[in-house]
>>> print(open('work_16.pdb').read())   # PDB, C-alpha atoms
ATOM      1  CA  MET X  15     102.857 116.205  52.322  1.00  0.00           C
ATOM      2  CA  GLY X  16     105.402 118.196  50.372  1.00  0.00           C
ATOM      3  CA  LEU X  17     106.626 115.032  48.665  1.00  0.00           C
ATOM      4  CA  VAL X  18     103.055 114.129  47.690  1.00  0.00           C
ATOM      5  CA  SER X  19     102.612 117.660  46.373  1.00  0.00           C
ATOM      6  CA  ARG X  20     105.622 117.152  44.094  1.00  0.00           C
ATOM      7  CA  ALA X  21     104.271 113.867  42.741  1.00  0.00           C
ATOM      8  CA  LEU X  22     100.890 115.447  41.977  1.00  0.00           C
ATOM      9  CA  GLU X  23     102.422 118.436  40.242  1.00  0.00           C
ATOM     10  CA  ASN X  24     104.690 116.114  38.233  1.00  0.00           C
ATOM     11  CA  ALA X  25     101.523 114.329  37.099  1.00  0.00           C
ATOM     12  CA  GLY X  26     100.039 117.609  35.892  1.00  0.00           C
ATOM     13  CA  ILE X  27      97.638 118.038  38.810  1.00  0.00           C
ATOM     14  CA  PRO X  28      97.998 121.394  40.610  1.00  0.00           C
ATOM     15  CA  ALA X  29      98.457 120.927  44.355  1.00  0.00           C
ATOM     16  CA  THR X  30      98.501 123.285  47.302  1.00  0.00           C
ATOM     17  CA  LEU X  31      99.110 122.775  51.009  1.00  0.00           C
ATOM     18  CA  THR X  32      99.247 124.637  54.286  1.00  0.00           C
ATOM     19  CA  SER X  33     101.626 123.837  57.119  1.00  0.00           C
ATOM     20  CA  TRP X  34     102.252 124.934  60.696  1.00  0.00           C
ATOM     21  CA  ASN X  35     105.737 123.463  60.428  1.00  0.00           C
ATOM     22  CA  ALA X  36     107.665 125.688  58.042  1.00  0.00           C
ATOM     23  CA  GLY X  37     111.006 124.033  58.725  1.00  0.00           C
ATOM     24  CA  ARG X  38     109.951 120.509  57.864  1.00  0.00           C
ATOM     25  CA  THR X  39     107.809 121.536  54.910  1.00  0.00           C
ATOM     26  CA  ARG X  40     110.272 123.925  53.296  1.00  0.00           C
ATOM     27  CA  VAL X  41     112.890 121.199  52.795  1.00  0.00           C
ATOM     28  CA  THR X  42     110.434 119.159  50.740  1.00  0.00           C
ATOM     29  CA  ALA X  43     110.052 122.063  48.254  1.00  0.00           C
ATOM     30  CA  PRO X  44     106.326 121.798  47.538  1.00  0.00           C
ATOM     31  CA  SER X  45     104.864 123.496  44.484  1.00  0.00           C
ATOM     32  CA  ARG X  46     102.527 125.804  46.432  1.00  0.00           C
ATOM     33  CA  ALA X  47     102.263 126.340  50.198  1.00  0.00           C
ATOM     34  CA  THR X  48     101.143 128.658  52.952  1.00  0.00           C
ATOM     35  CA  PHE X  49     102.869 128.651  56.328  1.00  0.00           C
ATOM     36  CA  THR X  50     101.155 129.586  59.597  1.00  0.00           C
ATOM     37  CA  LYS X  51     102.021 129.645  63.278  1.00  0.00           C
ATOM     38  CA  LEU X  52      99.194 127.299  64.119  1.00  0.00           C
ATOM     39  CA  GLY X  53      99.846 124.081  65.974  1.00  0.00           C
ATOM     40  CA  ARG X  54     100.317 120.379  65.412  1.00  0.00           C
ATOM     41  CA  GLY X  55      96.946 118.677  65.095  1.00  0.00           C
ATOM     42  CA  ALA X  56      95.098 121.904  64.221  1.00  0.00           C
ATOM     43  CA  THR X  57      96.613 122.786  60.852  1.00  0.00           C
ATOM     44  CA  LEU X  58      93.744 124.859  59.490  1.00  0.00           C
ATOM     45  CA  GLY X  59      92.938 126.805  62.613  1.00  0.00           C
ATOM     46  CA  ASN X  60      91.889 126.602  66.177  1.00  0.00           C
ATOM     47  CA  PRO X  61      88.995 124.309  67.108  1.00  0.00           C
ATOM     48  CA  GLY X  62      85.683 126.116  66.889  1.00  0.00           C
ATOM     49  CA  ASP X  63      87.167 129.056  64.968  1.00  0.00           C
ATOM     50  CA  GLY X  64      85.530 128.442  61.624  1.00  0.00           C
ATOM     51  CA  ALA X  65      86.359 131.931  60.396  1.00  0.00           C
ATOM     52  CA  GLN X  66      90.079 131.341  60.900  1.00  0.00           C
ATOM     53  CA  GLN X  67      89.875 127.931  59.253  1.00  0.00           C
ATOM     54  CA  ARG X  68      88.147 129.502  56.243  1.00  0.00           C
ATOM     55  CA  ARG X  69      90.806 132.222  55.984  1.00  0.00           C
ATOM     56  CA  VAL X  70      93.587 129.644  55.922  1.00  0.00           C
ATOM     57  CA  LEU X  71      91.715 127.505  53.429  1.00  0.00           C
ATOM     58  CA  GLU X  72      90.913 130.365  51.089  1.00  0.00           C
ATOM     59  CA  ALA X  73      94.467 131.723  51.154  1.00  0.00           C
ATOM     60  CA  THR X  74      95.862 128.254  50.465  1.00  0.00           C
ATOM     61  CA  LEU X  75      93.435 127.534  47.642  1.00  0.00           C
ATOM     62  CA  GLU X  76      94.122 130.953  46.148  1.00  0.00           C
ATOM     63  CA  LEU X  77      97.639 129.751  45.301  1.00  0.00           C
ATOM     64  CA  LEU X  78      96.132 127.290  42.815  1.00  0.00           C
ATOM     65  CA  LYS X  79      95.457 130.215  40.489  1.00  0.00           C
ATOM     66  CA  GLU X  80      99.153 130.744  39.923  1.00  0.00           C
ATOM     67  CA  ASP X  81     101.471 128.647  37.820  1.00  0.00           C
ATOM     68  CA  ALA X  82     103.986 126.773  39.953  1.00  0.00           C
ATOM     69  CA  PRO X  83     106.515 127.203  41.354  1.00  0.00           C
ATOM     70  CA  VAL X  84     104.869 129.652  43.721  1.00  0.00           C
ATOM     71  CA  GLU X  85     106.762 131.498  46.422  1.00  0.00           C
ATOM     72  CA  ILE X  86     105.700 130.350  49.893  1.00  0.00           C
ATOM     73  CA  VAL X  87     103.149 132.647  51.533  1.00  0.00           C
ATOM     74  CA  ARG X  88     103.269 133.294  55.266  1.00  0.00           C
ATOM     75  CA  LEU X  89      99.878 133.800  56.917  1.00  0.00           C
ATOM     76  CA  ASP X  90      99.448 135.726  60.153  1.00  0.00           C
ATOM     77  CA  GLU X  91      97.470 132.956  61.808  1.00  0.00           C
ATOM     78  CA  SER X  92      98.404 131.543  65.193  1.00  0.00           C
ATOM     79  CA  VAL X  93      97.109 129.871  68.308  1.00  0.00           C
ATOM     80  CA  PRO X  94      95.379 132.089  70.898  1.00  0.00           C
ATOM     81  CA  GLU X  95      97.523 133.714  73.606  1.00  0.00           C
TER      82      GLU X  95
ATOM     83  CA  MET H  58     109.315 120.888  34.717  1.00  0.00           C
ATOM     84  CA  THR H  59     109.071 117.647  36.626  1.00  0.00           C
ATOM     85  CA  VAL H  60     111.325 117.047  39.608  1.00  0.00           C
ATOM     86  CA  ASP H  61     112.649 114.106  41.557  1.00  0.00           C
ATOM     87  CA  ILE H  62     110.381 113.494  44.527  1.00  0.00           C
ATOM     88  CA  ILE H  63     113.520 113.252  46.666  1.00  0.00           C
ATOM     89  CA  GLU H  64     116.515 115.127  45.302  1.00  0.00           C
ATOM     90  CA  ASN H  65     119.833 113.357  45.921  1.00  0.00           C
ATOM     91  CA  ARG H  66     117.855 110.248  46.783  1.00  0.00           C
ATOM     92  CA  GLU H  67     120.862 107.930  46.994  1.00  0.00           C
ATOM     93  CA  GLU H  68     122.447 110.188  49.571  1.00  0.00           C
ATOM     94  CA  TRP H  69     119.196 110.352  51.541  1.00  0.00           C
ATOM     95  CA  GLU H  70     118.749 106.572  51.457  1.00  0.00           C
ATOM     96  CA  ALA H  71     122.325 105.977  52.580  1.00  0.00           C
ATOM     97  CA  ALA H  72     121.850 108.319  55.533  1.00  0.00           C
ATOM     98  CA  TYR H  73     118.474 106.814  56.463  1.00  0.00           C
ATOM     99  CA  ASN H  74     119.420 103.174  56.063  1.00  0.00           C
ATOM    100  CA  GLY H  75     122.868 103.532  57.591  1.00  0.00           C
ATOM    101  CA  GLY H  76     121.805 105.913  60.350  1.00  0.00           C
ATOM    102  CA  TRP H  77     118.277 106.168  61.722  1.00  0.00           C
ATOM    103  CA  LEU H  78     117.037 102.790  60.457  1.00  0.00           C
ATOM    104  CA  LYS H  79     120.209 100.943  61.426  1.00  0.00           C
ATOM    105  CA  HIS H  80     120.004 102.400  64.931  1.00  0.00           C
ATOM    106  CA  PHE H  81     116.334 101.462  65.176  1.00  0.00           C
ATOM    107  CA  ASN H  82     116.997  97.905  64.027  1.00  0.00           C
ATOM    108  CA  GLU H  83     119.777  97.527  66.563  1.00  0.00           C
ATOM    109  CA  THR H  84     118.091  99.169  69.546  1.00  0.00           C
ATOM    110  CA  GLY H  85     114.366  99.647  68.872  1.00  0.00           C
ATOM    111  CA  GLU H  86     114.862 103.365  69.529  1.00  0.00           C
ATOM    112  CA  THR H  87     113.755 106.177  67.257  1.00  0.00           C
ATOM    113  CA  LYS H  88     116.729 108.523  67.471  1.00  0.00           C
ATOM    114  CA  TRP H  89     115.643 111.764  65.836  1.00  0.00           C
ATOM    115  CA  ASP H  90     118.891 113.641  66.235  1.00  0.00           C
ATOM    116  CA  ILE H  91     120.420 111.352  63.608  1.00  0.00           C
ATOM    117  CA  TYR H  92     117.409 111.447  61.286  1.00  0.00           C
ATOM    118  CA  LYS H  93     118.117 113.128  57.962  1.00  0.00           C
ATOM    119  CA  ARG H  94     115.214 114.896  56.304  1.00  0.00           C
ATOM    120  CA  PRO H  95     114.985 115.316  52.545  1.00  0.00           C
ATOM    121  CA  ASP H  96     116.611 118.544  51.453  1.00  0.00           C
ATOM    122  CA  ASN H  97     114.953 119.474  48.188  1.00  0.00           C
ATOM    123  CA  LYS H  98     115.903 122.744  46.538  1.00  0.00           C
ATOM    124  CA  THR H  99     113.772 122.891  43.400  1.00  0.00           C
ATOM    125  CA  GLN H 100     110.018 123.304  43.412  1.00  0.00           C
ATOM    126  CA  PRO H 101     108.103 121.588  40.609  1.00  0.00           C
ATOM    127  CA  SER H 102     106.522 123.609  37.846  1.00  0.00           C
ATOM    128  CA  GLY H 103     102.910 123.340  36.820  1.00  0.00           C
ATOM    129  CA  THR H 104      99.971 125.205  35.395  1.00  0.00           C
ATOM    130  CA  GLY H 105      97.562 126.805  37.817  1.00  0.00           C
ATOM    131  CA  ILE H 106      93.788 126.601  37.877  1.00  0.00           C
ATOM    132  CA  ASP H 107      91.055 128.841  39.249  1.00  0.00           C
ATOM    133  CA  PRO H 108      89.561 126.938  42.210  1.00  0.00           C
ATOM    134  CA  ALA H 109      86.140 128.199  41.111  1.00  0.00           C
ATOM    135  CA  THR H 110      86.420 125.926  38.082  1.00  0.00           C
ATOM    136  CA  ALA H 111      88.303 123.045  39.737  1.00  0.00           C
ATOM    137  CA  LYS H 112      87.260 119.590  40.835  1.00  0.00           C
ATOM    138  CA  LEU H 113      89.096 119.431  44.153  1.00  0.00           C
ATOM    139  CA  LEU H 114      90.450 116.423  46.034  1.00  0.00           C
ATOM    140  CA  LEU H 115      91.123 116.723  49.768  1.00  0.00           C
ATOM    141  CA  VAL H 116      94.113 114.771  51.076  1.00  0.00           C
ATOM    142  CA  THR H 117      94.708 114.746  54.834  1.00  0.00           C
ATOM    143  CA  SER H 118      97.404 113.045  56.876  1.00  0.00           C
ATOM    144  CA  ALA H 119      95.193 112.992  59.974  1.00  0.00           C
ATOM    145  CA  GLY H 120      95.079 109.200  59.992  1.00  0.00           C
ATOM    146  CA  SER H 121      91.298 109.325  59.637  1.00  0.00           C
ATOM    147  CA  TYR H 122      89.373 106.262  58.548  1.00  0.00           C
ATOM    148  CA  LEU H 123      85.827 104.921  58.568  1.00  0.00           C
ATOM    149  CA  LYS H 124      85.654 103.304  61.960  1.00  0.00           C
ATOM    150  CA  ALA H 125      82.847 100.904  61.048  1.00  0.00           C
ATOM    151  CA  THR H 126      84.298  99.473  57.856  1.00  0.00           C
ATOM    152  CA  GLN H 127      88.002 100.277  57.419  1.00  0.00           C
ATOM    153  CA  GLU H 128      91.115  98.977  59.091  1.00  0.00           C
ATOM    154  CA  PRO H 129      92.827 101.594  61.258  1.00  0.00           C
ATOM    155  CA  PHE H 130      96.303 102.688  60.273  1.00  0.00           C
ATOM    156  CA  ASP H 131      99.164 100.950  62.044  1.00  0.00           C
ATOM    157  CA  ALA H 132      99.701 103.898  64.355  1.00  0.00           C
ATOM    158  CA  ALA H 133     101.968 102.052  66.771  1.00  0.00           C
ATOM    159  CA  ASN H 134     104.437 101.031  64.071  1.00  0.00           C
ATOM    160  CA  LYS H 135     107.629 102.996  64.656  1.00  0.00           C
ATOM    161  CA  LEU H 136     108.570 102.477  61.008  1.00  0.00           C
ATOM    162  CA  GLY H 137     105.338 104.138  59.849  1.00  0.00           C
ATOM    163  CA  ASP H 138     102.350 103.173  57.723  1.00  0.00           C
ATOM    164  CA  TYR H 139     102.409 104.060  54.019  1.00  0.00           C
ATOM    165  CA  THR H 140      98.882 102.999  53.052  1.00  0.00           C
ATOM    166  CA  ILE H 141      95.922 105.250  52.302  1.00  0.00           C
ATOM    167  CA  ARG H 142      92.196 105.184  53.004  1.00  0.00           C
ATOM    168  CA  ARG H 143      89.437 106.669  50.861  1.00  0.00           C
ATOM    169  CA  TYR H 144      86.039 107.693  52.128  1.00  0.00           C
ATOM    170  CA  PRO H 145      83.103 109.649  50.697  1.00  0.00           C
ATOM    171  CA  THR H 146      83.238 113.399  51.147  1.00  0.00           C
ATOM    172  CA  ASP H 147      79.700 113.336  52.547  1.00  0.00           C
ATOM    173  CA  THR H 148      80.847 111.113  55.413  1.00  0.00           C
ATOM    174  CA  PRO H 149      79.547 112.466  58.725  1.00  0.00           C
ATOM    175  CA  PHE H 150      82.399 113.330  61.072  1.00  0.00           C
ATOM    176  CA  GLU H 151      80.951 110.959  63.662  1.00  0.00           C
ATOM    177  CA  ALA H 152      81.764 108.054  61.328  1.00  0.00           C
ATOM    178  CA  LEU H 153      85.495 108.838  61.403  1.00  0.00           C
ATOM    179  CA  ALA H 154      88.167 107.745  63.833  1.00  0.00           C
ATOM    180  CA  TYR H 155      91.847 108.683  63.929  1.00  0.00           C
ATOM    181  CA  ALA H 156      94.758 106.253  64.051  1.00  0.00           C
ATOM    182  CA  HIS H 157      97.843 108.428  64.436  1.00  0.00           C
ATOM    183  CA  ASP H 158      99.940 108.466  67.612  1.00  0.00           C
ATOM    184  CA  HIS H 159     102.040 111.508  66.737  1.00  0.00           C
ATOM    185  CA  TYR H 160      99.683 114.388  67.405  1.00  0.00           C
ATOM    186  CA  ASP H 161      97.231 115.279  70.162  1.00  0.00           C
ATOM    187  CA  HIS H 162      93.715 114.407  69.014  1.00  0.00           C
ATOM    188  CA  ALA H 163      92.026 116.945  71.312  1.00  0.00           C
ATOM    189  CA  ALA H 164      91.578 119.538  68.552  1.00  0.00           C
ATOM    190  CA  VAL H 165      90.347 117.150  65.858  1.00  0.00           C
ATOM    191  CA  ASN H 166      88.007 115.458  68.307  1.00  0.00           C
ATOM    192  CA  ALA H 167      86.569 118.850  69.287  1.00  0.00           C
ATOM    193  CA  ASP H 168      86.361 120.134  65.706  1.00  0.00           C
ATOM    194  CA  PRO H 169      87.285 117.745  62.868  1.00  0.00           C
ATOM    195  CA  GLN H 170      87.493 120.659  60.424  1.00  0.00           C
ATOM    196  CA  VAL H 171      90.893 121.607  61.834  1.00  0.00           C
ATOM    197  CA  LEU H 172      92.257 118.739  59.726  1.00  0.00           C
ATOM    198  CA  ILE H 173      89.329 117.520  57.594  1.00  0.00           C
ATOM    199  CA  PRO H 174      87.525 120.608  56.300  1.00  0.00           C
ATOM    200  CA  LEU H 175      84.772 118.820  54.424  1.00  0.00           C
ATOM    201  CA  GLN H 176      81.973 121.138  55.549  1.00  0.00           C
ATOM    202  CA  HIS H 177      84.034 124.231  54.761  1.00  0.00           C
ATOM    203  CA  LEU H 178      84.776 122.864  51.304  1.00  0.00           C
ATOM    204  CA  ARG H 179      81.109 122.063  50.690  1.00  0.00           C
ATOM    205  CA  ASP H 180      80.259 125.608  51.773  1.00  0.00           C
ATOM    206  CA  MET H 181      82.868 126.981  49.372  1.00  0.00           C
ATOM    207  CA  VAL H 182      81.339 124.966  46.544  1.00  0.00           C
ATOM    208  CA  ALA H 183      77.952 126.459  47.436  1.00  0.00           C
ATOM    209  CA  ASP H 184      79.548 129.926  47.475  1.00  0.00           C
ATOM    210  CA  GLY H 185      81.050 129.381  44.026  1.00  0.00           C
ATOM    211  CA  LYS H 186      84.638 129.502  45.322  1.00  0.00           C
ATOM    212  CA  ILE H 187      85.309 125.885  44.407  1.00  0.00           C
ATOM    213  CA  GLY H 188      83.884 124.297  41.297  1.00  0.00           C
ATOM    214  CA  GLU H 189      83.254 120.828  42.639  1.00  0.00           C
ATOM    215  CA  LEU H 190      84.417 118.550  45.425  1.00  0.00           C
ATOM    216  CA  ALA H 191      85.644 115.071  44.479  1.00  0.00           C
ATOM    217  CA  PRO H 192      83.275 112.346  45.695  1.00  0.00           C
ATOM    218  CA  GLU H 193      85.978 110.880  47.930  1.00  0.00           C
ATOM    219  CA  ALA H 194      88.689 112.207  50.216  1.00  0.00           C
ATOM    220  CA  VAL H 195      92.052 110.527  50.817  1.00  0.00           C
ATOM    221  CA  SER H 196      93.628 110.006  54.214  1.00  0.00           C
ATOM    222  CA  PHE H 197      96.911 108.605  55.398  1.00  0.00           C
ATOM    223  CA  MET H 198      98.805 108.478  58.667  1.00  0.00           C
ATOM    224  CA  GLY H 199     101.451 111.164  58.491  1.00  0.00           C
ATOM    225  CA  TYR H 200     104.089 109.398  60.570  1.00  0.00           C
ATOM    226  CA  GLN H 201     106.284 108.107  57.725  1.00  0.00           C
ATOM    227  CA  PRO H 202     110.002 108.230  58.450  1.00  0.00           C
ATOM    228  CA  ASP H 203     110.963 106.417  55.223  1.00  0.00           C
ATOM    229  CA  ALA H 204     110.717 109.174  52.605  1.00  0.00           C
ATOM    230  CA  ALA H 205     111.625 106.698  49.854  1.00  0.00           C
ATOM    231  CA  ARG H 206     108.517 104.669  50.671  1.00  0.00           C
ATOM    232  CA  VAL H 207     106.447 107.861  50.555  1.00  0.00           C
ATOM    233  CA  ALA H 208     107.871 108.536  47.099  1.00  0.00           C
ATOM    234  CA  ASP H 209     107.424 104.955  45.895  1.00  0.00           C
ATOM    235  CA  GLU H 210     104.181 103.923  47.608  1.00  0.00           C
ATOM    236  CA  THR H 211     102.056 106.655  49.192  1.00  0.00           C
ATOM    237  CA  ALA H 212     102.521 109.413  46.624  1.00  0.00           C
ATOM    238  CA  PRO H 213     101.908 107.246  43.515  1.00  0.00           C
ATOM    239  CA  GLU H 214      98.812 105.784  45.114  1.00  0.00           C
ATOM    240  CA  ILE H 215      97.416 109.258  45.798  1.00  0.00           C
ATOM    241  CA  VAL H 216      98.239 110.343  42.247  1.00  0.00           C
ATOM    242  CA  ALA H 217      96.393 107.265  40.958  1.00  0.00           C
ATOM    243  CA  VAL H 218      93.325 108.142  43.031  1.00  0.00           C
ATOM    244  CA  ALA H 219      93.448 111.735  41.810  1.00  0.00           C
ATOM    245  CA  LYS H 220      93.540 110.518  38.219  1.00  0.00           C
ATOM    246  CA  ALA H 221      90.807 107.938  38.767  1.00  0.00           C
ATOM    247  CA  LEU H 222      88.554 110.599  40.273  1.00  0.00           C
ATOM    248  CA  GLN H 223      89.489 112.960  37.413  1.00  0.00           C
ATOM    249  CA  VAL H 224      90.222 115.826  39.771  1.00  0.00           C
ATOM    250  CA  THR H 225      91.858 118.985  38.513  1.00  0.00           C
ATOM    251  CA  ALA H 226      93.358 120.220  41.794  1.00  0.00           C
ATOM    252  CA  VAL H 227      94.384 118.863  45.199  1.00  0.00           C
ATOM    253  CA  LEU H 228      94.374 120.393  48.673  1.00  0.00           C
ATOM    254  CA  LEU H 229      96.830 118.768  51.075  1.00  0.00           C
ATOM    255  CA  VAL H 230      96.311 119.174  54.820  1.00  0.00           C
ATOM    256  CA  PRO H 231      99.103 117.748  56.975  1.00  0.00           C
ATOM    257  CA  SER H 232      98.462 116.984  60.597  1.00  0.00           C
TER     258      SER H 232
END
>>> encode(input="work_16.pdb", output="structure tokens")
Amino acid sequence: MGLVSRALENAGIPATLTSWNAGRTRVTAPSRATFTKLGRGATLGNPGDGAQQRRVLEATLELLKEDAPVEIVRLDESVPE
Amino acid sequence: MTVDIIENREEWEAAYNGGWLKHFNETGETKWDIYKRPDNKTQPSGTGIDPATAKLLLVTSAGSYLKATQEPFDAANKLGDYTIRRYPTDTPFEALAYAHDHYDHAAVNADPQVLIPLQHLRDMVADGKIGELAPEAVSFMGYQPDAARVADETAPEIVAVAKALQVTAVLLVPS
């Protein structure tokens, strides 16, 4: 996704993403990103937790307001204990 | 400032073609300890936009597709699938299926919004937090070991869709 983000930003279209996999995403150097401690297959939040999904979405979309490059933002969102 | 999609692409291609891909072609095995990921250092520059005024495109790598009318992604292909699918953003979740063998579908089957937040985005439009949602979403199958093909095929196709739909911002949700 980070590579797609770069292509979009190159084309003048602001792009933002969120990832549970900081290591793999960081090396693609996306224009704007949030990182969480959520899990594979549930990137925006835990199933049934709409409030968490909305928090991740809103924080990730908020980055669109800034001119890129934007420093990566870590969100305190994770899977339940 | 624009950037190369893959910095030091020749080096990456040499490592991929001469390492992971060569091993796969010789053995049929996907040997991840010899797989080299891109190692980009420079983020692209670009002008921001207030989401409240944006026309937003959702791009997901969930491998979702319209099960009644679209071909599934080639999920079993160990070399990946670099194509995309487009479907209307008012598609009911029940009309979607997922062709992607590299994540557990339990969460997305229980609650598709964990990867395809179409109802959340519609709610945010209603709340005035997003200006408008593009009439279509884009999906691809996120298992794509050949980064050069992502740069040359998948990414340009998504950019073309974004331009055709005249969106002003994109949300990317990996799986």
>>> resolve_selection(input="work_16.pdb", expression="the PyMOL selection byres ((chain X) within 7 of (chain H))", output="count of residues only")
39
>>> resolve_selection(input="work_16.pdb", expression="the PyMOL selection byres ((chain H and resi 92) around 9)", output="MDAnalysis selection string")
chainID H and resid 72:73 76:78 87:91 93:94 202
>>> axis_aligned_box(input="work_16.pdb", around="region 55-74 of chain X", padding_each_side="8 Å", output="lines of an AutoDock Vina configuration file")
center_x = 91.2
center_y = 125.4
center_z = 58.8
size_x = 27.4
size_y = 29.5
size_z = 32.6
>>> atom_distance(input="work_16.pdb", atom1="CA of Ala47 (chain X)", atom2="CA of Ser92 (chain X)")
16.3 Å
>>> atom_distance(input="work_16.pdb", atom1="CA of Gln176 (chain H)", atom2="CA of Met198 (chain H)")
21.3 Å
>>> atom_distance(input="work_16.pdb", atom1="CA of Asn134 (chain H)", atom2="CA of Pro149 (chain H)")
27.9 Å
